[in-house]
Amino acid sequence: MTERCELLITNVHAATMDPSLPGAYGAVEDAAVAVTGGRIVWLGPRAELPDTAPDEVVDGEGQWLTPGLVDCHTHLVYGGHRASEFARRLGGESYEEVARAGGGILSTVRATRAASAEQLYRAAEPRLRALMAEGVTTVEIKSGYGLDLDTELKQLRAARRLAQHHPVNVVTTCLAAHALPPEYDGRADEYIDLVCEEILPAVSKEQLADAVDMFCESIAFSVDQCRRVIDCAQKLDLPIKVHAEQLSSSGATAMAAAAGALSADHIEYITEMDVAAMAESGTAAVLLPGAFYTLRETRVPPVDRLRAAGVPMALSTDLNPGSCPIASLRLMMNMGCNLFGLTPAEALAGVTRAAARALGLCCSRGVLRAGLRGDMVLWPMDTPDQLAYEVGALKPARIFLAGRTVGGRDVTAG
Ligand code: NIG
Ligand code: FE
């Protein structure tokens with residue numbers, strides 16, 4: 001019987017990233033992919049394609065198809081910039097010194113509070129578009145530059161509005177526990193009361209966040225304070241993510257794993273026990289080489305141990321005005337290999353399968369397989385190794401969101 005489908009892509013090699021298929025990329029050479037209702041309905045060798053009546057056929061011209069890229073950790077909605085702080089750090093001041101002197105995150109908090117909703121939205125758009133042009137089809141966006149009820153809501157609403165007006169999936173995270181706002185100086189526990197009693201309940205009521213994040217560090221919040229935020233998030237049924245062990249070893253990752261967090265992010269300073277705890281709880285590691293590079297850090301996350309323990313390793317931009325003003329997930333793939341020792345296949349898994357896992361979305365995306373979303377990118381390359389190897393010139397030939405063409409080199413977005 002002839003099966004109808006909306007889209008059929010033929011004459012492609014598929015880097016499925018499906019771990020149940022052989023090879024690091026789960027590659028299916030000379031493949032065909034059928035999509036209907038936004039989901040992949042068939043994927044396999046072209047020679048085995050059942051009799052199909054497609055509404056649209058795309059000839060992949062022997063190029064490679066990957067899952068749509070997932071940037072699982074960004075702070076791309078913010079006001080202002082921190083170019084002067086960049087110059088100060090180049091002059092020898094550390095990230096912590098700048099933060100303790102009232103700069104750093106708090107400088108962006110001032111600019112974000114001062115920006116109108118419209119200004120915030122307009123400033124974020126080119127950052128989002130830069131990611132999308134590289135094949136990002138799902139992006140996470142955090143708040144955390146408001147640190148008061150109105151501005152946290154303003155940031156999250158801007159993120160939701162970006163989703164309404166751009167062909168990309170946006171996942172939002174409330175990071176109200178990012179830094180101590182100046183009006184709470186010396187009263188961190190009272191600020192945590194505000195986060196737990198007012199900000200998170202309001203965010204939840206308006207359904208503005210899909211998860212809750214926190215910065216557990218000496219320049220931010222203690223393990224005990226973060227644990228209170230976790231309790232509150234769990235009462236609101238929101239999953240957890242933690243900025244953990246970025247600058248020092250604090251116990252944040254053990255806390256995150258014990259709470260069943262989706263991910264622990266940064267984790268340069270984790271211990272062997274932390275790795276075991278993450279493996280046990282299924283907490284993904286989110287590696288952020290752009291922040292490591294920008295802050296000129298020297299301690300790398302223990303990739304060998306994470307790999308040996310089977311902890312999923314996601315890679316993300318951490319796009320933000322302080323520690324990583326770099327809107328390129330492809331560059332992070334290259335940095336993940338060159339700075340952290342990932343293989344090119346691990347880098348691609350880091351921005352697809354593992355990144356979806358870090359967002360709790362591994363049942364719907366991050367892999368090319370029947371039943372999952374038709375978010376896919378067609379790349380003009382000979383081998384998927386090129387994605388981590390080349391930066392700048394290798395651009396998507398075509399980007400599909402739920403089976404609909406939304407961008408790419410030769411295509412007008414529609
Ligand atoms: O992930 N570590 C904390 N938060 C961000 C940086 C925020 C900033 O410097 O504005 C990060 O690196
Ligand atoms: Fe971050």
# chains A, B, ... in the order shown; residues from 1 in each chain; ligands from 1
>>> residues_near_ligand(ligand="ligand 1", cutoff="7 Å", atoms="only C-alpha atoms and all ligand atoms", output="list in words")
Gly104, Ile105, Thr108, His178, Phe215, His243, Gln246, Ala291, Asp318, Asn320, Pro321, Gly322, Ser323 and Cys324 of chain A
>>> write_last_selection(atoms="N, CA and C atoms", output="PDB file, in the first residue's frame")
ATOM      1  N   GLY A 104      30.254  42.985  36.694  1.00  0.00           N
ATOM      2  CA  GLY A 104      29.829  41.623  36.380  1.00  0.00           C
ATOM      3  C   GLY A 104      28.320  41.536  36.175  1.00  0.00           C
ATOM      4  N   ILE A 105      27.729  40.483  36.717  1.00  0.00           N
ATOM      5  CA  ILE A 105      26.297  40.244  36.537  1.00  0.00           C
ATOM      6  C   ILE A 105      25.481  41.474  36.943  1.00  0.00           C
ATOM      7  N   THR A 108      24.975  44.089  34.328  1.00  0.00           N
ATOM      8  CA  THR A 108      23.924  43.726  33.362  1.00  0.00           C
ATOM      9  C   THR A 108      22.534  43.818  33.994  1.00  0.00           C
ATOM     10  N   HIS A 178      20.593  34.100  40.607  1.00  0.00           N
ATOM     11  CA  HIS A 178      21.815  34.230  39.797  1.00  0.00           C
ATOM     12  C   HIS A 178      22.868  35.046  40.544  1.00  0.00           C
ATOM     13  N   PHE A 215      22.831  29.822  40.623  1.00  0.00           N
ATOM     14  CA  PHE A 215      24.291  29.934  40.544  1.00  0.00           C
ATOM     15  C   PHE A 215      24.826  29.663  41.948  1.00  0.00           C
ATOM     16  N   HIS A 243      24.080  26.008  37.910  1.00  0.00           N
ATOM     17  CA  HIS A 243      25.427  26.493  37.552  1.00  0.00           C
ATOM     18  C   HIS A 243      26.327  26.024  38.692  1.00  0.00           C
ATOM     19  N   GLN A 246      31.848  26.128  38.794  1.00  0.00           N
ATOM     20  CA  GLN A 246      32.482  26.859  37.682  1.00  0.00           C
ATOM     21  C   GLN A 246      33.844  27.420  38.098  1.00  0.00           C
ATOM     22  N   ALA A 291      32.831  29.959  27.949  1.00  0.00           N
ATOM     23  CA  ALA A 291      33.037  30.701  29.204  1.00  0.00           C
ATOM     24  C   ALA A 291      34.437  30.420  29.740  1.00  0.00           C
ATOM     25  N   ASP A 318      26.371  29.140  26.433  1.00  0.00           N
ATOM     26  CA  ASP A 318      26.287  29.991  27.634  1.00  0.00           C
ATOM     27  C   ASP A 318      26.154  31.458  27.219  1.00  0.00           C
ATOM     28  N   ASN A 320      26.064  35.010  26.896  1.00  0.00           N
ATOM     29  CA  ASN A 320      25.761  36.027  27.913  1.00  0.00           C
ATOM     30  C   ASN A 320      26.770  37.157  27.775  1.00  0.00           C
ATOM     31  N   PRO A 321      26.480  38.323  28.382  1.00  0.00           N
ATOM     32  CA  PRO A 321      27.355  39.489  28.127  1.00  0.00           C
ATOM     33  C   PRO A 321      28.669  39.471  28.900  1.00  0.00           C
ATOM     34  N   GLY A 322      28.827  38.541  29.839  1.00  0.00           N
ATOM     35  CA  GLY A 322      30.029  38.549  30.666  1.00  0.00           C
ATOM     36  C   GLY A 322      31.001  37.452  30.305  1.00  0.00           C
ATOM     37  N   SER A 323      30.609  36.213  30.600  1.00  0.00           N
ATOM     38  CA  SER A 323      31.563  35.113  30.448  1.00  0.00           C
ATOM     39  C   SER A 323      31.565  34.482  29.062  1.00  0.00           C
ATOM     40  N   CYS A 324      30.604  34.845  28.202  1.00  0.00           N
ATOM     41  CA  CYS A 324      30.655  34.310  26.832  1.00  0.00           C
ATOM     42  C   CYS A 324      29.784  35.091  25.847  1.00  0.00           C
TER      43      CYS A 324
END
>>> select_by_dssp(residues="region 211-260 of chain A", states="alpha helix (DSSP H)", output="list of chain:residue names")
A:Val223, A:Asp224, A:Gln225, A:Cys226, A:Arg227, A:Arg228, A:Val229, A:Ile230, A:Asp231, A:Cys232, A:Ala233, A:Gln234, A:Lys235, A:Ala252, A:Thr253, A:Ala254, A:Met255, A:Ala256, A:Ala257, A:Ala258
>>> write_last_selection(atoms="C-alpha atoms", output="compact mmCIF listing (two decimals), in the first residue's frame")
# COMPACT_ATOMS: atom_id res chain seq x y z
CA VAL A 223 24.53 25.19 48.82
CA ASP A 224 22.00 25.72 51.63
CA GLN A 225 20.44 28.69 49.88
CA CYS A 226 20.29 26.79 46.59
CA ARG A 227 18.70 23.84 48.34
CA ARG A 228 15.83 26.11 49.40
CA VAL A 229 15.36 27.20 45.78
CA ILE A 230 15.33 23.54 44.72
CA ASP A 231 12.66 22.68 47.31
CA CYS A 232 10.50 25.50 46.13
CA ALA A 233 10.95 24.61 42.43
CA GLN A 234 10.06 21.01 43.16
CA LYS A 235 6.89 22.06 44.98
CA ALA A 252 26.83 22.15 44.12
CA THR A 253 26.99 19.18 41.78
CA ALA A 254 26.40 16.64 44.55
CA MET A 255 23.41 18.72 45.62
CA ALA A 256 22.13 18.89 42.03
CA ALA A 257 22.50 15.14 41.52
CA ALA A 258 20.80 14.35 44.84
>>> closest_atom_pairs(of="chain A", to="ligand 2", cutoff="12 Å", atoms="only C-alpha atoms and all ligand atoms", output="Markdown table")
| residue | atom | partner | partner_atom_place_in_ligand_line | distance |
| --- | --- | --- | --- | --- |
| A:Asp71 | CA | ligand 2 | 1 (Fe) | 11.8 |
| A:Cys72 | CA | ligand 2 | 1 (Fe) | 10.1 |
| A:His73 | CA | ligand 2 | 1 (Fe) | 6.3 |
| A:Thr74 | CA | ligand 2 | 1 (Fe) | 6.3 |
| A:His75 | CA | ligand 2 | 1 (Fe) | 6.5 |
| A:Leu76 | CA | ligand 2 | 1 (Fe) | 9.9 |
| A:Ile105 | CA | ligand 2 | 1 (Fe) | 10.7 |
| A:Glu140 | CA | ligand 2 | 1 (Fe) | 10.8 |
| A:Ile141 | CA | ligand 2 | 1 (Fe) | 9.8 |
| A:Lys142 | CA | ligand 2 | 1 (Fe) | 8.2 |
| A:Ser143 | CA | ligand 2 | 1 (Fe) | 10.2 |
| A:Gly144 | CA | ligand 2 | 1 (Fe) | 9.5 |
| A:Tyr145 | CA | ligand 2 | 1 (Fe) | 11.3 |
| A:Thr173 | CA | ligand 2 | 1 (Fe) | 11.0 |
| A:Cys174 | CA | ligand 2 | 1 (Fe) | 11.8 |
| A:Leu175 | CA | ligand 2 | 1 (Fe) | 9.3 |
| A:Ala177 | CA | ligand 2 | 1 (Fe) | 11.9 |
| A:His178 | CA | ligand 2 | 1 (Fe) | 9.1 |
| A:Ala179 | CA | ligand 2 | 1 (Fe) | 11.8 |
| A:Asp213 | CA | ligand 2 | 1 (Fe) | 9.2 |
| A:Met214 | CA | ligand 2 | 1 (Fe) | 9.3 |
| A:Phe215 | CA | ligand 2 | 1 (Fe) | 8.2 |
| A:Cys216 | CA | ligand 2 | 1 (Fe) | 11.3 |
| A:Lys241 | CA | ligand 2 | 1 (Fe) | 10.4 |
| A:Val242 | CA | ligand 2 | 1 (Fe) | 9.1 |
| A:His243 | CA | ligand 2 | 1 (Fe) | 6.5 |
| A:Ala244 | CA | ligand 2 | 1 (Fe) | 9.7 |
| A:Glu245 | CA | ligand 2 | 1 (Fe) | 11.8 |
| A:Gln246 | CA | ligand 2 | 1 (Fe) | 9.6 |
| A:Ser263 | CA | ligand 2 | 1 (Fe) | 12.0 |
| A:Ala264 | CA | ligand 2 | 1 (Fe) | 10.6 |
| A:Asp265 | CA | ligand 2 | 1 (Fe) | 7.5 |
| A:His266 | CA | ligand 2 | 1 (Fe) | 7.9 |
| A:Ile267 | CA | ligand 2 | 1 (Fe) | 11.4 |
| A:Val286 | CA | ligand 2 | 1 (Fe) | 9.9 |
| A:Leu287 | CA | ligand 2 | 1 (Fe) | 10.3 |
| A:Leu288 | CA | ligand 2 | 1 (Fe) | 8.2 |
| A:Pro289 | CA | ligand 2 | 1 (Fe) | 11.3 |
| A:Gly290 | CA | ligand 2 | 1 (Fe) | 10.4 |
| A:Ala291 | CA | ligand 2 | 1 (Fe) | 8.3 |
| A:Phe292 | CA | ligand 2 | 1 (Fe) | 11.2 |
| A:Leu315 | CA | ligand 2 | 1 (Fe) | 11.9 |
| A:Ser316 | CA | ligand 2 | 1 (Fe) | 9.3 |
| A:Thr317 | CA | ligand 2 | 1 (Fe) | 8.6 |
| A:Asp318 | CA | ligand 2 | 1 (Fe) | 4.9 |
| A:Leu319 | CA | ligand 2 | 1 (Fe) | 7.4 |
| A:Asn320 | CA | ligand 2 | 1 (Fe) | 7.2 |
| A:Pro321 | CA | ligand 2 | 1 (Fe) | 10.3 |
| A:Gly322 | CA | ligand 2 | 1 (Fe) | 9.6 |
| A:Ser323 | CA | ligand 2 | 1 (Fe) | 8.1 |
| A:Cys324 | CA | ligand 2 | 1 (Fe) | 8.6 |
| A:Pro325 | CA | ligand 2 | 1 (Fe) | 11.2 |
>>> residues_around(residues="region 360-375 of chain A", least_positions_apart="3", cutoff="10 Å", atoms="only C-alpha atoms", output="number ranges by chain")
A: 7, 14-19, 26, 33-44, 65-70, 135-138, 168-169, 171, 210-211, 239, 261-263, 284, 348-357, 399-405
>>> write_last_selection(atoms="C-alpha atoms", output="short mmCIF file (atom, residue, chain, number, x, y, z; two decimals), in the first residue's frame")
data_model
loop_
_atom_site.label_atom_id
_atom_site.label_comp_id
_atom_site.auth_asym_id
_atom_site.auth_seq_id
_atom_site.Cartn_x
_atom_site.Cartn_y
_atom_site.Cartn_z
CA LEU A 7 8.02 15.57 3.20
CA ALA A 14 21.95 10.72 7.94
CA ALA A 15 24.07 11.29 11.06
CA THR A 16 21.17 10.13 13.21
CA MET A 17 23.04 10.32 16.57
CA ASP A 18 20.89 7.33 17.51
CA PRO A 19 22.97 5.37 20.05
CA GLY A 26 24.69 6.37 14.11
CA VAL A 33 13.65 10.33 5.66
CA ALA A 34 9.88 10.78 5.63
CA VAL A 35 8.11 13.36 7.79
CA THR A 36 4.40 13.79 8.48
CA GLY A 37 2.63 15.94 11.05
CA GLY A 38 5.97 17.45 12.13
CA ARG A 39 7.45 14.06 13.06
CA ILE A 40 9.79 11.64 11.37
CA VAL A 41 7.69 8.66 10.29
CA TRP A 42 10.36 6.66 8.48
CA LEU A 43 14.16 6.74 8.28
CA GLY A 44 16.39 4.11 6.71
CA LEU A 65 21.50 15.39 7.50
CA THR A 66 21.83 15.86 11.28
CA PRO A 67 19.32 16.51 14.04
CA GLY A 68 18.56 20.23 14.52
CA LEU A 69 21.10 21.69 16.92
CA VAL A 70 20.04 22.35 20.52
CA GLY A 135 21.16 25.29 12.47
CA VAL A 136 19.94 25.72 16.05
CA THR A 137 16.30 24.62 16.16
CA THR A 138 15.87 24.54 19.96
CA VAL A 168 12.71 28.00 16.53
CA ASN A 169 11.70 26.15 19.71
CA VAL A 171 12.65 26.63 26.29
CA ASP A 210 10.09 25.33 31.93
CA ALA A 211 12.82 24.90 34.58
CA PRO A 239 12.77 20.66 36.94
CA ALA A 261 18.60 17.81 38.46
CA LEU A 262 18.38 17.70 34.67
CA SER A 263 21.90 19.09 34.41
CA ALA A 284 23.64 15.57 32.33
CA LEU A 348 27.87 16.69 17.73
CA ALA A 349 26.19 14.53 20.37
CA GLY A 350 26.79 17.41 22.79
CA VAL A 351 24.71 19.82 20.71
CA THR A 352 22.01 17.30 19.79
CA ARG A 353 21.26 14.17 21.83
CA ALA A 354 22.94 15.19 25.10
CA ALA A 355 21.67 18.78 24.89
CA ALA A 356 18.10 17.52 24.48
CA ARG A 357 18.68 15.34 27.52
CA ILE A 399 17.11 23.87 8.06
CA PHE A 400 13.86 22.04 8.82
CA LEU A 401 11.68 22.75 11.83
CA ALA A 402 9.07 20.04 12.34
CA GLY A 403 9.52 19.11 8.69
CA ARG A 404 9.06 22.66 7.39
CA THR A 405 11.96 24.43 5.66
#
>>> select_by_dssp(residues="region 5-146 of chain A", states="strand (DSSP E or B)", output="PyMOL selection string")
chain A and resi 5-15+27-36+39-45+52-59+64-67+69-71+136-142
>>> residues_around(residues="Glu61 (chain A)", least_positions_apart="5", cutoff="10 Å", atoms="only C-alpha atoms", output="list of chain:residue names")
A:Ile9, A:Thr10, A:Asn11, A:Val12, A:His13, A:Leu378, A:Pro380
>>> closest_residue(among="A:Leu331, A:Met278, A:Leu153, A:Ile199", to="Pro312 (chain A)", atoms="only C-alpha atoms")
A:Met278
>>> atom_distance(atom1="CA of Glu183 (chain A)", atom2="CA of Asp237 (chain A)")
29.2 Å
